[in-house]
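Chemist: Below is the file protein.txt, with compact mmCIF, C-alpha atoms and all ligand atoms.
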```txt
# COMPACT_ATOMS: atom_id res chain seq x y z
CA MET A 7 5.50 -4.54 -27.80
CA LYS A 8 5.07 -1.08 -26.35
CA HIS A 9 4.85 -1.04 -22.57
CA LYS A 10 1.95 0.61 -20.84
CA THR A 11 2.99 3.28 -18.39
CA MET A 12 1.87 2.99 -14.78
CA ALA A 13 -0.66 5.76 -15.42
CA GLN A 14 -2.20 3.87 -18.38
CA PHE A 15 -2.55 0.69 -16.37
CA LYS A 16 -5.05 0.80 -13.53
CA ALA A 17 -3.56 -0.95 -10.51
CA LEU A 18 -5.81 -3.17 -8.43
CA PRO A 19 -5.75 -1.60 -4.99
CA PRO A 20 -5.42 -3.48 -1.70
CA GLY A 21 -8.87 -4.68 -0.69
CA SER A 22 -9.35 -6.35 -4.11
CA THR A 23 -9.70 -10.11 -4.48
CA ILE A 24 -7.14 -12.18 -6.34
CA GLY A 25 -8.35 -15.48 -7.81
CA ILE A 26 -5.74 -18.24 -7.79
CA ILE A 27 -6.10 -21.36 -9.91
CA GLY A 28 -4.48 -24.21 -7.98
CA ASN A 29 -4.57 -24.74 -4.23
CA GLY A 30 -1.22 -26.24 -3.28
CA GLN A 31 1.64 -24.76 -1.28
CA LEU A 32 2.48 -22.15 -3.94
CA GLY A 33 -1.10 -20.85 -3.67
CA ARG A 34 -0.83 -20.93 0.12
CA MET A 35 2.32 -18.81 0.21
CA THR A 36 0.90 -16.45 -2.44
CA ALA A 37 -2.27 -15.99 -0.37
CA LEU A 38 -0.18 -15.24 2.73
CA ALA A 39 1.86 -12.62 0.84
CA ALA A 40 -1.33 -11.14 -0.62
CA ALA A 41 -2.89 -10.92 2.84
CA ARG A 42 0.13 -8.97 4.09
CA LEU A 43 -0.57 -6.38 1.39
CA GLY A 44 -4.27 -6.23 2.24
CA TYR A 45 -5.64 -8.41 -0.58
CA ALA A 46 -8.03 -11.34 -0.24
CA CYS A 47 -7.50 -14.55 -2.21
CA HIS A 48 -10.10 -16.92 -3.60
CA VAL A 49 -8.43 -20.20 -4.48
CA PHE A 50 -9.78 -22.77 -6.95
CA GLY A 51 -8.71 -26.40 -7.15
CA PRO A 52 -9.86 -29.99 -6.98
CA ASP A 53 -8.73 -30.94 -3.46
CA ALA A 54 -10.58 -30.21 -0.23
CA ASP A 55 -8.62 -29.07 2.84
CA SER A 56 -5.76 -27.99 0.59
CA PRO A 57 -2.69 -26.02 1.74
CA ALA A 58 -4.03 -22.85 0.07
CA GLU A 59 -7.61 -23.25 1.27
CA GLN A 60 -6.43 -23.26 4.89
CA VAL A 61 -5.15 -19.68 4.61
CA ALA A 62 -7.32 -18.16 1.85
CA PHE A 63 -10.29 -15.84 2.27
CA ARG A 64 -12.39 -18.15 0.12
CA ALA A 65 -12.00 -21.49 -1.63
CA THR A 66 -13.85 -23.29 -4.41
CA VAL A 67 -13.29 -27.03 -4.51
CA ALA A 68 -14.03 -28.10 -8.09
CA ALA A 69 -12.39 -29.75 -11.09
CA TYR A 70 -10.35 -27.55 -13.44
CA ASP A 71 -12.92 -28.16 -16.19
CA ASP A 72 -16.06 -27.47 -14.11
CA LYS A 73 -17.54 -24.66 -16.23
CA ASP A 74 -20.20 -23.49 -13.78
CA ALA A 75 -17.74 -23.35 -10.92
CA LEU A 76 -15.20 -21.49 -13.09
CA VAL A 77 -17.75 -18.82 -14.08
CA GLU A 78 -18.89 -18.33 -10.46
CA PHE A 79 -15.25 -18.07 -9.41
CA ALA A 80 -14.38 -15.58 -12.16
CA LYS A 81 -17.30 -13.35 -11.18
CA SER A 82 -16.20 -13.28 -7.54
CA VAL A 83 -12.65 -11.99 -8.12
CA ASP A 84 -10.92 -8.92 -9.59
CA VAL A 85 -8.10 -10.76 -11.38
CA VAL A 86 -7.17 -14.42 -11.93
CA THR A 87 -3.71 -15.93 -11.81
CA PHE A 88 -2.23 -19.42 -11.53
CA GLU A 89 -0.07 -21.39 -9.13
CA PHE A 90 -0.54 -24.43 -11.35
CA GLU A 91 -0.28 -24.16 -15.12
CA ASN A 92 -1.72 -27.41 -16.40
CA ILE A 93 -5.29 -26.32 -16.79
CA PRO A 94 -7.31 -26.85 -19.99
CA HIS A 95 -7.39 -24.17 -22.68
CA GLU A 96 -11.21 -24.04 -22.61
CA SER A 97 -11.13 -23.19 -18.89
CA VAL A 98 -8.72 -20.29 -19.44
CA GLN A 99 -10.87 -19.03 -22.33
CA LEU A 100 -13.95 -19.17 -20.13
CA LEU A 101 -12.26 -17.26 -17.30
CA THR A 102 -10.99 -14.64 -19.76
CA LYS A 103 -14.58 -13.86 -20.81
CA HIS A 104 -15.39 -12.69 -17.29
CA VAL A 105 -12.21 -11.34 -15.74
CA GLU A 106 -8.64 -10.29 -16.52
CA VAL A 107 -6.35 -13.35 -16.49
CA ARG A 108 -2.63 -12.83 -15.79
CA PRO A 109 -0.53 -14.27 -17.26
CA GLY A 110 -2.52 -15.11 -20.39
CA TRP A 111 -3.08 -18.35 -22.27
CA ASN A 112 0.01 -17.97 -24.49
CA CYS A 113 2.32 -18.31 -21.45
CA LEU A 114 0.47 -21.35 -20.11
CA GLN A 115 0.41 -23.01 -23.50
CA ILE A 116 4.17 -22.68 -23.88
CA SER A 117 4.92 -24.13 -20.46
CA GLN A 118 2.35 -26.95 -20.71
CA ASP A 119 4.08 -28.73 -23.55
CA ARG A 120 7.82 -29.47 -23.68
CA LEU A 121 7.91 -29.46 -27.49
CA ILE A 122 6.22 -26.06 -27.81
CA GLU A 123 8.39 -24.78 -24.95
CA LYS A 124 11.74 -25.85 -26.39
CA THR A 125 10.82 -24.67 -29.88
CA PHE A 126 9.77 -21.29 -28.46
CA ILE A 127 13.00 -20.95 -26.43
CA ASN A 128 15.15 -21.78 -29.47
CA ASP A 129 13.15 -19.29 -31.55
CA CYS A 130 14.14 -16.64 -28.97
CA GLY A 131 17.79 -17.43 -29.81
CA ILE A 132 18.34 -19.30 -26.52
CA ASP A 133 19.83 -22.79 -26.26
CA THR A 134 18.08 -25.90 -24.95
CA ALA A 135 19.28 -29.49 -24.98
CA PRO A 136 18.93 -30.93 -28.51
CA PHE A 137 15.53 -32.63 -28.81
CA LYS A 138 13.33 -34.72 -31.12
CA ALA A 139 9.59 -35.38 -30.99
CA VAL A 140 8.74 -39.06 -30.33
CA ASP A 141 5.31 -40.43 -31.27
CA SER A 142 6.25 -44.02 -32.09
CA LEU A 143 8.93 -46.63 -31.36
CA ALA A 144 10.38 -45.91 -34.82
CA ASP A 145 10.65 -42.20 -33.90
CA LEU A 146 12.44 -43.16 -30.68
CA GLU A 147 14.90 -45.40 -32.50
CA ALA A 148 15.68 -42.65 -35.01
CA ALA A 149 15.97 -40.01 -32.25
CA VAL A 150 18.37 -42.15 -30.19
CA GLU A 151 20.41 -42.76 -33.31
CA GLU A 152 20.72 -38.98 -33.74
CA LEU A 153 21.07 -37.76 -30.11
CA GLY A 154 23.00 -40.77 -28.76
CA ARG A 155 23.06 -42.33 -25.30
CA PRO A 156 22.60 -41.32 -22.55
CA SER A 157 19.53 -39.30 -23.43
CA ILE A 158 16.24 -38.67 -21.66
CA LEU A 159 12.75 -39.53 -22.88
CA LYS A 160 10.05 -37.30 -21.37
CA THR A 161 6.32 -37.00 -21.92
CA THR A 162 5.62 -33.64 -23.56
CA ARG A 163 2.84 -32.81 -21.09
CA MET A 164 2.11 -33.11 -17.36
CA GLY A 165 5.69 -33.94 -16.37
CA TYR A 166 7.05 -32.50 -13.14
CA ASP A 167 9.51 -33.54 -10.43
CA GLY A 168 11.06 -36.07 -12.80
CA LYS A 169 7.75 -37.87 -13.41
CA GLY A 170 7.04 -39.25 -16.89
CA GLN A 171 10.74 -39.61 -17.70
CA ALA A 172 13.01 -42.48 -18.72
CA LEU A 173 16.79 -42.31 -18.90
CA ILE A 174 18.07 -44.06 -22.02
CA ARG A 175 21.34 -45.66 -20.92
CA PRO A 176 23.71 -47.64 -23.17
CA GLU A 177 21.94 -50.87 -22.18
CA THR A 178 18.33 -49.58 -22.14
CA ASP A 179 15.85 -51.52 -24.27
CA LEU A 180 14.07 -48.89 -26.39
CA GLU A 181 10.77 -50.77 -26.59
CA THR A 182 10.56 -50.92 -22.76
CA ALA A 183 11.41 -47.20 -22.52
CA TYR A 184 8.83 -46.34 -25.17
CA ASP A 185 6.18 -48.44 -23.40
CA SER A 186 6.87 -46.63 -20.11
CA MET A 187 5.46 -43.44 -21.69
CA ALA A 188 2.12 -45.31 -22.06
CA GLY A 189 1.51 -43.95 -25.57
CA ALA A 190 1.78 -40.29 -24.49
CA PRO A 191 3.40 -37.92 -27.01
CA SER A 192 7.02 -37.59 -25.89
CA VAL A 193 10.28 -35.84 -26.58
CA LEU A 194 13.80 -37.26 -26.50
CA GLU A 195 16.39 -34.87 -25.10
CA GLY A 196 20.14 -35.12 -25.46
CA PHE A 197 21.79 -35.59 -22.05
CA VAL A 198 23.45 -32.40 -20.81
CA GLU A 199 26.73 -32.88 -18.95
CA PHE A 200 26.21 -30.08 -16.50
CA GLN A 201 28.39 -28.69 -13.71
CA ARG A 202 25.35 -27.49 -11.84
CA GLU A 203 21.73 -26.46 -12.20
CA ILE A 204 20.56 -22.91 -11.57
CA SER A 205 17.32 -20.97 -11.85
CA VAL A 206 16.30 -17.34 -12.15
CA ILE A 207 12.91 -15.92 -11.24
CA VAL A 208 11.75 -12.80 -13.03
CA ALA A 209 8.78 -10.68 -11.99
CA ARG A 210 7.18 -8.61 -14.73
CA SER A 211 4.30 -6.26 -14.07
CA ALA A 212 1.41 -5.22 -16.25
CA CYS A 213 3.24 -2.05 -17.26
CA GLY A 214 6.37 -3.94 -18.35
CA GLN A 215 8.53 -3.18 -15.27
CA TRP A 216 10.67 -6.18 -14.36
CA THR A 217 12.97 -7.38 -11.60
CA ALA A 218 15.02 -10.57 -11.45
CA PHE A 219 16.17 -12.44 -8.36
CA GLU A 220 19.77 -13.55 -8.64
CA PRO A 221 20.39 -17.15 -9.77
CA ALA A 222 19.99 -19.90 -7.18
CA GLU A 223 21.97 -23.14 -7.39
CA ASN A 224 19.70 -26.17 -7.33
CA VAL A 225 20.44 -29.76 -6.37
CA HIS A 226 17.92 -32.48 -7.22
CA ALA A 227 17.52 -35.89 -5.61
CA ASP A 228 15.45 -38.55 -7.40
CA GLY A 229 14.24 -35.89 -9.88
CA ILE A 230 12.86 -33.66 -7.06
CA LEU A 231 14.43 -30.39 -5.93
CA ASP A 232 16.37 -31.02 -2.72
CA THR A 233 18.20 -27.73 -2.06
CA SER A 234 18.45 -24.24 -3.56
CA SER A 235 21.37 -22.09 -2.42
CA VAL A 236 22.40 -18.48 -2.87
CA PRO A 237 24.80 -17.34 -4.05
CA ALA A 238 25.16 -19.81 -6.92
CA HIS A 239 28.75 -20.78 -7.62
CA ILE A 240 28.92 -19.56 -11.18
CA PRO A 241 31.32 -17.08 -12.81
CA ASP A 242 30.16 -13.41 -12.58
CA GLY A 243 29.58 -13.17 -16.33
CA LEU A 244 27.17 -16.09 -16.18
CA VAL A 245 25.08 -14.39 -13.47
CA GLU A 246 24.40 -11.58 -15.92
CA GLU A 247 23.84 -14.02 -18.76
CA ALA A 248 21.36 -16.08 -16.70
CA VAL A 249 19.38 -12.94 -15.87
CA ARG A 250 19.48 -11.81 -19.51
CA ILE A 251 18.09 -15.18 -20.64
CA ALA A 252 15.30 -15.16 -18.05
CA VAL A 253 14.28 -11.55 -18.76
CA THR A 254 14.34 -12.15 -22.54
CA LEU A 255 11.98 -15.11 -22.13
CA ALA A 256 9.67 -13.20 -19.76
CA GLU A 257 9.44 -10.33 -22.24
CA LYS A 258 8.93 -12.56 -25.29
CA MET A 259 6.21 -14.46 -23.43
CA ASP A 260 4.70 -11.14 -22.34
CA ILE A 261 4.51 -12.46 -18.80
CA ILE A 262 2.47 -10.59 -16.24
CA GLY A 263 3.42 -12.24 -12.97
CA LEU A 264 6.45 -14.47 -12.52
CA LEU A 265 8.59 -16.58 -14.82
CA ALA A 266 10.93 -19.18 -13.32
CA VAL A 267 13.64 -20.33 -15.71
CA GLU A 268 15.63 -23.48 -14.91
CA MET A 269 19.03 -23.76 -16.58
CA PHE A 270 22.01 -26.07 -16.80
CA HIS A 271 25.50 -24.62 -16.35
CA THR A 272 27.45 -26.86 -18.70
CA LYS A 273 30.98 -28.16 -18.29
CA ASP A 274 32.10 -25.72 -21.01
CA ASP A 275 30.58 -22.74 -19.13
CA ARG A 276 27.45 -22.24 -21.23
CA LEU A 277 23.87 -21.87 -20.05
CA ILE A 278 21.17 -24.12 -21.48
CA VAL A 279 17.51 -23.70 -20.55
CA ASN A 280 15.82 -26.82 -19.21
CA GLU A 281 12.30 -25.53 -18.61
CA VAL A 282 10.20 -22.52 -17.66
CA ALA A 283 7.24 -22.07 -15.31
CA PRO A 284 4.98 -18.98 -15.38
CA ARG A 285 4.35 -18.92 -11.61
CA PRO A 286 6.16 -18.99 -8.26
CA HIS A 287 8.70 -21.78 -8.14
CA ASN A 288 10.12 -24.08 -5.48
CA SER A 289 13.63 -22.85 -6.33
CA GLY A 290 12.55 -19.33 -5.33
CA HIS A 291 11.56 -20.13 -1.75
CA TRP A 292 14.96 -18.83 -0.59
CA THR A 293 13.73 -15.30 -1.32
CA GLN A 294 11.31 -15.51 1.62
CA ASP A 295 14.12 -15.15 4.14
CA ALA A 296 16.70 -13.26 2.10
CA CYS A 297 14.90 -10.44 0.23
CA TYR A 298 12.63 -7.60 1.30
CA SER A 299 10.12 -8.54 -1.37
CA ASP A 300 10.08 -12.31 -1.85
CA GLN A 301 8.87 -14.15 -4.97
CA PHE A 302 5.30 -14.37 -3.63
CA GLU A 303 5.09 -10.66 -2.87
CA GLN A 304 6.60 -9.82 -6.28
CA PHE A 305 3.99 -12.11 -7.85
CA VAL A 306 1.14 -10.29 -6.10
CA ARG A 307 2.62 -6.89 -6.95
CA ALA A 308 3.07 -7.84 -10.61
CA VAL A 309 -0.40 -9.34 -11.03
CA CYS A 310 -2.04 -6.36 -9.29
CA GLY A 311 -0.02 -3.78 -11.24
CA LEU A 312 1.79 -2.40 -8.18
CA PRO A 313 5.40 -1.22 -8.35
CA LEU A 314 7.76 -4.18 -7.90
CA GLY A 315 9.80 -4.43 -4.69
CA SER A 316 13.50 -4.78 -3.97
CA VAL A 317 15.15 -8.07 -4.89
CA GLU A 318 18.39 -7.22 -3.09
CA ARG A 319 19.71 -10.18 -1.10
CA ARG A 320 20.50 -9.52 2.56
CA ASN A 321 22.12 -12.84 3.49
CA ASP A 322 23.34 -16.17 2.14
CA LEU A 323 20.83 -18.98 2.33
CA VAL A 324 20.25 -22.68 1.75
CA MET A 325 16.64 -23.75 1.17
CA LYS A 326 16.10 -27.43 1.99
CA ASN A 327 12.91 -29.11 0.90
CA LEU A 328 11.20 -31.33 3.45
CA ILE A 329 10.08 -34.20 1.26
CA GLY A 330 7.92 -37.01 2.65
CA PHE A 331 9.00 -38.13 6.11
CA ASP A 332 11.81 -35.49 6.26
CA VAL A 333 9.09 -33.32 7.72
CA GLU A 334 9.27 -35.27 10.97
CA LYS A 335 12.48 -33.34 11.71
CA TRP A 336 10.47 -30.13 12.17
CA PRO A 337 11.12 -29.89 15.95
CA ASP A 338 14.88 -30.02 15.34
CA TYR A 339 14.70 -27.07 12.96
CA LEU A 340 12.80 -25.04 15.52
CA ASN A 341 15.83 -25.40 17.80
CA GLU A 342 18.26 -24.07 15.19
CA PRO A 343 18.63 -20.30 15.46
CA ASN A 344 19.39 -19.83 11.75
CA ALA A 345 16.56 -22.04 10.49
CA LYS A 346 13.24 -20.63 9.34
CA LEU A 347 10.62 -23.35 9.01
CA HIS A 348 7.79 -23.24 6.46
CA LEU A 349 5.22 -26.04 6.66
CA TYR A 350 2.40 -26.51 4.17
CA GLY A 351 -0.33 -27.93 6.43
CA LYS A 352 -0.71 -31.19 4.47
CA ALA A 353 -2.69 -33.72 6.49
CA SER A 354 -0.96 -36.88 5.30
CA THR A 355 2.72 -37.51 4.71
CA ARG A 356 3.65 -39.57 1.64
CA ARG A 357 6.98 -40.53 0.11
CA GLY A 358 8.00 -37.90 -2.44
CA ARG A 359 5.37 -35.39 -1.28
CA LYS A 360 6.54 -31.82 -0.63
CA MET A 361 5.53 -31.21 3.01
CA GLY A 362 7.45 -28.02 3.75
CA HIS A 363 10.86 -26.42 3.49
CA VAL A 364 13.40 -24.86 5.78
CA ASN A 365 15.46 -21.79 4.98
CA LEU A 366 18.89 -21.94 6.60
CA VAL A 367 20.19 -18.40 6.85
CA TYR A 368 23.92 -17.51 6.86
CA PRO A 369 25.76 -14.16 6.99
CA LEU A 370 26.40 -12.53 3.63
CA GLY A 371 29.55 -14.01 2.04
CA GLU A 372 29.67 -17.04 4.36
CA LEU A 373 28.64 -19.67 1.80
CA LEU A 374 31.06 -18.41 -0.83
CA LYS A 375 33.89 -18.54 1.75
CA SER A 376 33.06 -22.07 2.83
CA LYS A 377 32.96 -23.21 -0.81
CA LYS A 378 36.37 -21.68 -1.56
CA ALA A 379 38.00 -23.05 1.64
P1 LIG B 401 12.69 -31.87 -15.55
O1 LIG B 401 11.44 -32.52 -15.06
O2 LIG B 401 12.76 -31.73 -17.01
O3 LIG B 401 12.96 -30.55 -14.85
O4 LIG B 401 13.91 -32.81 -15.09
C1 LIG B 401 14.19 -33.08 -13.73
C2 LIG B 401 15.68 -33.16 -13.51
O5 LIG B 401 16.26 -34.20 -14.34
C3 LIG B 401 16.45 -31.91 -13.92
O6 LIG B 401 16.40 -30.91 -12.93
C4 LIG B 401 17.84 -32.47 -14.13
O7 LIG B 401 18.47 -32.74 -12.90
C5 LIG B 401 17.56 -33.80 -14.82
N1 LIG B 401 17.51 -33.60 -16.29
C6 LIG B 401 16.41 -33.27 -17.01
N2 LIG B 401 16.70 -33.16 -18.32
C7 LIG B 401 18.02 -33.39 -18.45
C8 LIG B 401 18.93 -33.40 -19.57
N3 LIG B 401 18.51 -33.17 -20.81
N4 LIG B 401 20.23 -33.69 -19.32
C9 LIG B 401 20.66 -33.96 -18.06
N5 LIG B 401 19.86 -33.97 -16.97
C10 LIG B 401 18.55 -33.68 -17.15
```
Would you mind giving the structure from this file in structure tokens?

Modeler:
Amino acid sequence: MKHKTMAQFKALPPGSTIGIIGNGQLGRMTALAAARLGYACHVFGPDADSPAEQVAFRATVAAYDDKDALVEFAKSVDVVTFEFENIPHESVQLLTKHVEVRPGWNCLQISQDRLIEKTFINDCGIDTAPFKAVDSLADLEAAVEELGRPSILKTTRMGYDGKGQALIRPETDLETAYDSMAGAPSVLEGFVEFQREISVIVARSACGQWTAFEPAENVHADGILDTSSVPAHIPDGLVEEAVRIAVTLAEKMDIIGLLAVEMFHTKDDRLIVNEVAPRPHNSGHWTQDACYSDQFEQFVRAVCGLPLGSVERRNDLVMKNLIGFDVEKWPDYLNEPNAKLHLYGKASTRRGRKMGHVNLVYPLGELLKSKKA
């Protein structure tokens, strides 16, 4: 596709209103970054007193399929984007009738469904884990026969933070595993023996300009991201390869905004894409305290058609998620000189709920040294 030049694309100037679908912490941090650049945000989501609502200029509390509320919302903003991608197609179509929506439906559709996503990624010439669609117990039996054990059964839609997944171990009863998907269309994935997990976040603006943050190394606990660290401990050649993969996918999806690409670094030094998300991502929170223009600012710049900022990293960093009652340690972090605390304003603490994160900042080169020592 031919890129528009900056002159052909009319940038939305500061003072404009950005509509954000979703009102969680990603919307909150986007609204804060937008405010710093002089934009107002109108957030839309089903929960009252949400993290985003607390800091936004305006909030609509309504279901993602509330047509009247969506039209009102669309008319009140200059552009619409998403911090949450699982919204119905009809709602996106409706918004598109009234206002520019970035990124468009094609990006959301790909990331909403693991089967479409993996097929798309493979069609771009990029590897994923081997996979098979599973719509019946017989499909599961045949898929396990082909992909072997261990393997992972996942619902194709609405899965995040390890939800809607079942590990098929040597001893797992397939009927029980199939039943745990509650009849939802699923996909069986071959188990990837990885050395580590990494992710790359690409910003791509309306005129085709892109920037990529360097890969972060991610550690999960119970299926939820626990830490993201920079630099990632991968060979130099793989840093370039990870960026190439992420930029290729962002371009093929014609992303306007952000694309987060999660990858496995395999034991034989290959990169395999796990999943993509067309929005800010938890594994990009490190950028807030390491880069001049963090992922949220890049997101705002990309969606508004502004020039993208610098993604140069100024320091090493470990981002630690504060999940559930971890958040009670917040006073300790305030006493650590290298810790930058980010809390999401959630009223009630629950097990497994993302309550905040802390960015632990180290001098450039320090984390690489400590790893080698
Ligand atoms: P997901 O919801 O697909 O991102 O999966 C959550 C986490 O489960 C990943 O970040 C990995 O740690 C692990 N995982 C998912 N799929 C696979 C796979 N095919 N092989 C090995 N580990 C996986």

Chemist: I'd like the contact shell of Gly44 of chain A - 8 Å cut-off, only C-alpha atoms, skipping same-chain residues fewer than 4 positions apart - returned as a list in words.

Modeler: Pro20, Gly21 and Ala40 of chain A

Chemist: Distance limit 9 Å, reference ligand LIG 401 (chain B), atoms considered: only C-alpha atoms and all ligand atoms. Which residues make the cut? Give them as a PyMOL selection string.

Modeler: chain A and resi 120+134-137+156-160+165-171+173+194-200+202-203+224-231+268-270+280-282

Chemist: I need the residue nearest Ala39 of chain A from this list: A:Ala238, A:Val306, A:Val150, A:Val317. Use all atoms listed in the file for the distance.

Modeler: A:Val306

Chemist: For Ser234 of chain A, list every protein, DNA or RNA residue within 10 Å, evaluated using all atoms listed in the file, and leave out those in the same chain fewer than 5 positions away; present the list as a list in words.

Modeler: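 The residues satisfying every condition are Glu203, Ile204, Ser205, Pro221, Ala222, Glu223, Asn224, Val225, His226, Asn288, Ser289, Gly290, His291, Trp292, Leu323, Val324, Met325, Lys326, Asn327 and Asn365 of chain A.
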
Chemist: Between atom CA of Pro286 of chain A and atom CA of Pro337 of chain A, measure the distance and give it in Å to one decimal.

Modeler: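 Atom CA of Pro337 of chain A lies 27.0 Å from atom CA of Pro286 of chain A.
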
Chemist: Can you work out the spacing between atom CA of Asp55 of chain A and atom CA of Thr355 of chain A in Å, to one decimal?

Modeler: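 Computing the Euclidean distance for atom CA of Asp55 of chain A and atom CA of Thr355 of chain A yields 14.3 Å.
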
Chemist: Find the spatial neighbours of Lys258 of chain A, counting all atoms listed in the file, within a cut-off of 12 Å - ignore same-chain residues fewer than 5 positions away - and output them as a list in words.

Modeler: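 Neighbouring residues, sequence-local ones excluded: Met7, Asn112, Cys113, Ile116, Phe126, Ile127, Asn128, Asp129, Cys130, Gly131, Ile132, Arg210, Gly214, Ile251, Ala252, Val253 and Leu265 of chain A.
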
Chemist: Quick one: residues within 9 Å of segment 342-344 of chain A, only C-alpha atoms, excluding same-chain residues fewer than 5 positions away - as a PDB file with C-alpha atoms, keeping the file's coordinate frame?

Modeler:
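out_32.pdb, written as the output of this step:
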```
ATOM      1  CA  ASN A 365      15.460 -21.790   4.980  1.00  0.00           C
ATOM      2  CA  LEU A 366      18.890 -21.940   6.600  1.00  0.00           C
ATOM      3  CA  VAL A 367      20.190 -18.400   6.850  1.00  0.00           C
ATOM      4  CA  TYR A 368      23.920 -17.510   6.860  1.00  0.00           C
TER       5      TYR A 368
END
```

Chemist: Between atom CA of Ala37 of chain A and atom CA of Ser117 of chain A, what is the distance in Å, rounded to a tenth?

Modeler: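 About the pair atom CA of Ala37 of chain A and atom CA of Ser117 of chain A: they are 22.8 Å apart.
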
Chemist: Hey, which of A:Arg175, A:His271, A:Arg108, A:Arg359 ends up closest to Ala308 of chain A? Count all atoms listed in the file.

Modeler: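 Residue with the minimum atom-to-atom distance to Ala308 of chain A: A:Arg108.
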
Chemist: Can you pull out the residues contacting Ala62 of chain A? Cut-off 8 Å, using only C-alpha atoms, and skip same-chain residues under 5 positions away; I want them as a list in words.

Modeler: Arg34, Ala37, Leu38, Ala46, Cys47, His48 and Val49 of chain A

Chemist: Go through A:Ile261, A:Leu101, A:Val364, A:Ala248 and flag the residue nearest Ser82 of chain A, using only C-alpha atoms for the distances.

Modeler: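 For Ser82 of chain A, the nearest of the given residues is A:Leu101.
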
Chemist: The centre and edge lengths of an axis-aligned box containing all atoms of segment 158-163 of chain A present in the file, extended by 3 Å on each side, are to be given in Å to one decimal, as AutoDock Vina command-line options.

Modeler:
```
--center_x 9.5 --center_y -36.2 --center_z -22.3 --size_x 19.4 --size_y 12.7 --size_z 8.5
```

Chemist: Missing atoms in segment 251-262 of chain A need filling: write out N, CA, C and O atoms for it as a PDB file, keeping the file's coordinate frame.

Modeler:
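Listed below is the output, part.pdb:
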```pdb
ATOM      1  N   ILE A 251      18.905 -14.110 -20.036  1.00  0.00           N
ATOM      2  CA  ILE A 251      18.090 -15.180 -20.640  1.00  0.00           C
ATOM      3  C   ILE A 251      16.674 -15.158 -20.040  1.00  0.00           C
ATOM      4  O   ILE A 251      15.669 -15.190 -20.757  1.00  0.00           O
ATOM      5  N   ALA A 252      16.610 -15.084 -18.718  1.00  0.00           N
ATOM      6  CA  ALA A 252      15.300 -15.160 -18.050  1.00  0.00           C
ATOM      7  C   ALA A 252      14.438 -13.944 -18.411  1.00  0.00           C
ATOM      8  O   ALA A 252      13.235 -14.078 -18.688  1.00  0.00           O
ATOM      9  N   VAL A 253      15.053 -12.767 -18.449  1.00  0.00           N
ATOM     10  CA  VAL A 253      14.280 -11.550 -18.760  1.00  0.00           C
ATOM     11  C   VAL A 253      13.832 -11.584 -20.227  1.00  0.00           C
ATOM     12  O   VAL A 253      12.690 -11.235 -20.555  1.00  0.00           O
ATOM     13  N   THR A 254      14.722 -12.048 -21.119  1.00  0.00           N
ATOM     14  CA  THR A 254      14.340 -12.150 -22.540  1.00  0.00           C
ATOM     15  C   THR A 254      13.107 -13.038 -22.683  1.00  0.00           C
ATOM     16  O   THR A 254      12.143 -12.690 -23.363  1.00  0.00           O
ATOM     17  N   LEU A 255      13.123 -14.190 -22.009  1.00  0.00           N
ATOM     18  CA  LEU A 255      11.980 -15.110 -22.130  1.00  0.00           C
ATOM     19  C   LEU A 255      10.715 -14.496 -21.536  1.00  0.00           C
ATOM     20  O   LEU A 255       9.625 -14.600 -22.111  1.00  0.00           O
ATOM     21  N   ALA A 256      10.854 -13.819 -20.392  1.00  0.00           N
ATOM     22  CA  ALA A 256       9.670 -13.200 -19.760  1.00  0.00           C
ATOM     23  C   ALA A 256       9.077 -12.139 -20.683  1.00  0.00           C
ATOM     24  O   ALA A 256       7.850 -12.035 -20.830  1.00  0.00           O
ATOM     25  N   GLU A 257       9.945 -11.382 -21.344  1.00  0.00           N
ATOM     26  CA  GLU A 257       9.440 -10.330 -22.240  1.00  0.00           C
ATOM     27  C   GLU A 257       8.815 -10.941 -23.479  1.00  0.00           C
ATOM     28  O   GLU A 257       7.729 -10.545 -23.896  1.00  0.00           O
ATOM     29  N   LYS A 258       9.481 -11.940 -24.063  1.00  0.00           N
ATOM     30  CA  LYS A 258       8.930 -12.560 -25.290  1.00  0.00           C
ATOM     31  C   LYS A 258       7.611 -13.273 -25.002  1.00  0.00           C
ATOM     32  O   LYS A 258       6.750 -13.372 -25.871  1.00  0.00           O
ATOM     33  N   MET A 259       7.478 -13.792 -23.784  1.00  0.00           N
ATOM     34  CA  MET A 259       6.210 -14.460 -23.430  1.00  0.00           C
ATOM     35  C   MET A 259       5.161 -13.447 -23.002  1.00  0.00           C
ATOM     36  O   MET A 259       4.015 -13.789 -22.791  1.00  0.00           O
ATOM     37  N   ASP A 260       5.583 -12.193 -22.842  1.00  0.00           N
ATOM     38  CA  ASP A 260       4.700 -11.140 -22.340  1.00  0.00           C
ATOM     39  C   ASP A 260       4.080 -11.527 -20.993  1.00  0.00           C
ATOM     40  O   ASP A 260       2.878 -11.375 -20.773  1.00  0.00           O
ATOM     41  N   ILE A 261       4.940 -12.019 -20.138  1.00  0.00           N
ATOM     42  CA  ILE A 261       4.510 -12.460 -18.800  1.00  0.00           C
ATOM     43  C   ILE A 261       3.983 -11.298 -17.974  1.00  0.00           C
ATOM     44  O   ILE A 261       4.599 -10.234 -17.948  1.00  0.00           O
ATOM     45  N   ILE A 262       2.859 -11.493 -17.329  1.00  0.00           N
ATOM     46  CA  ILE A 262       2.470 -10.590 -16.240  1.00  0.00           C
ATOM     47  C   ILE A 262       2.377 -11.484 -15.017  1.00  0.00           C
ATOM     48  O   ILE A 262       1.491 -12.334 -14.917  1.00  0.00           O
TER      49      ILE A 262
END
```
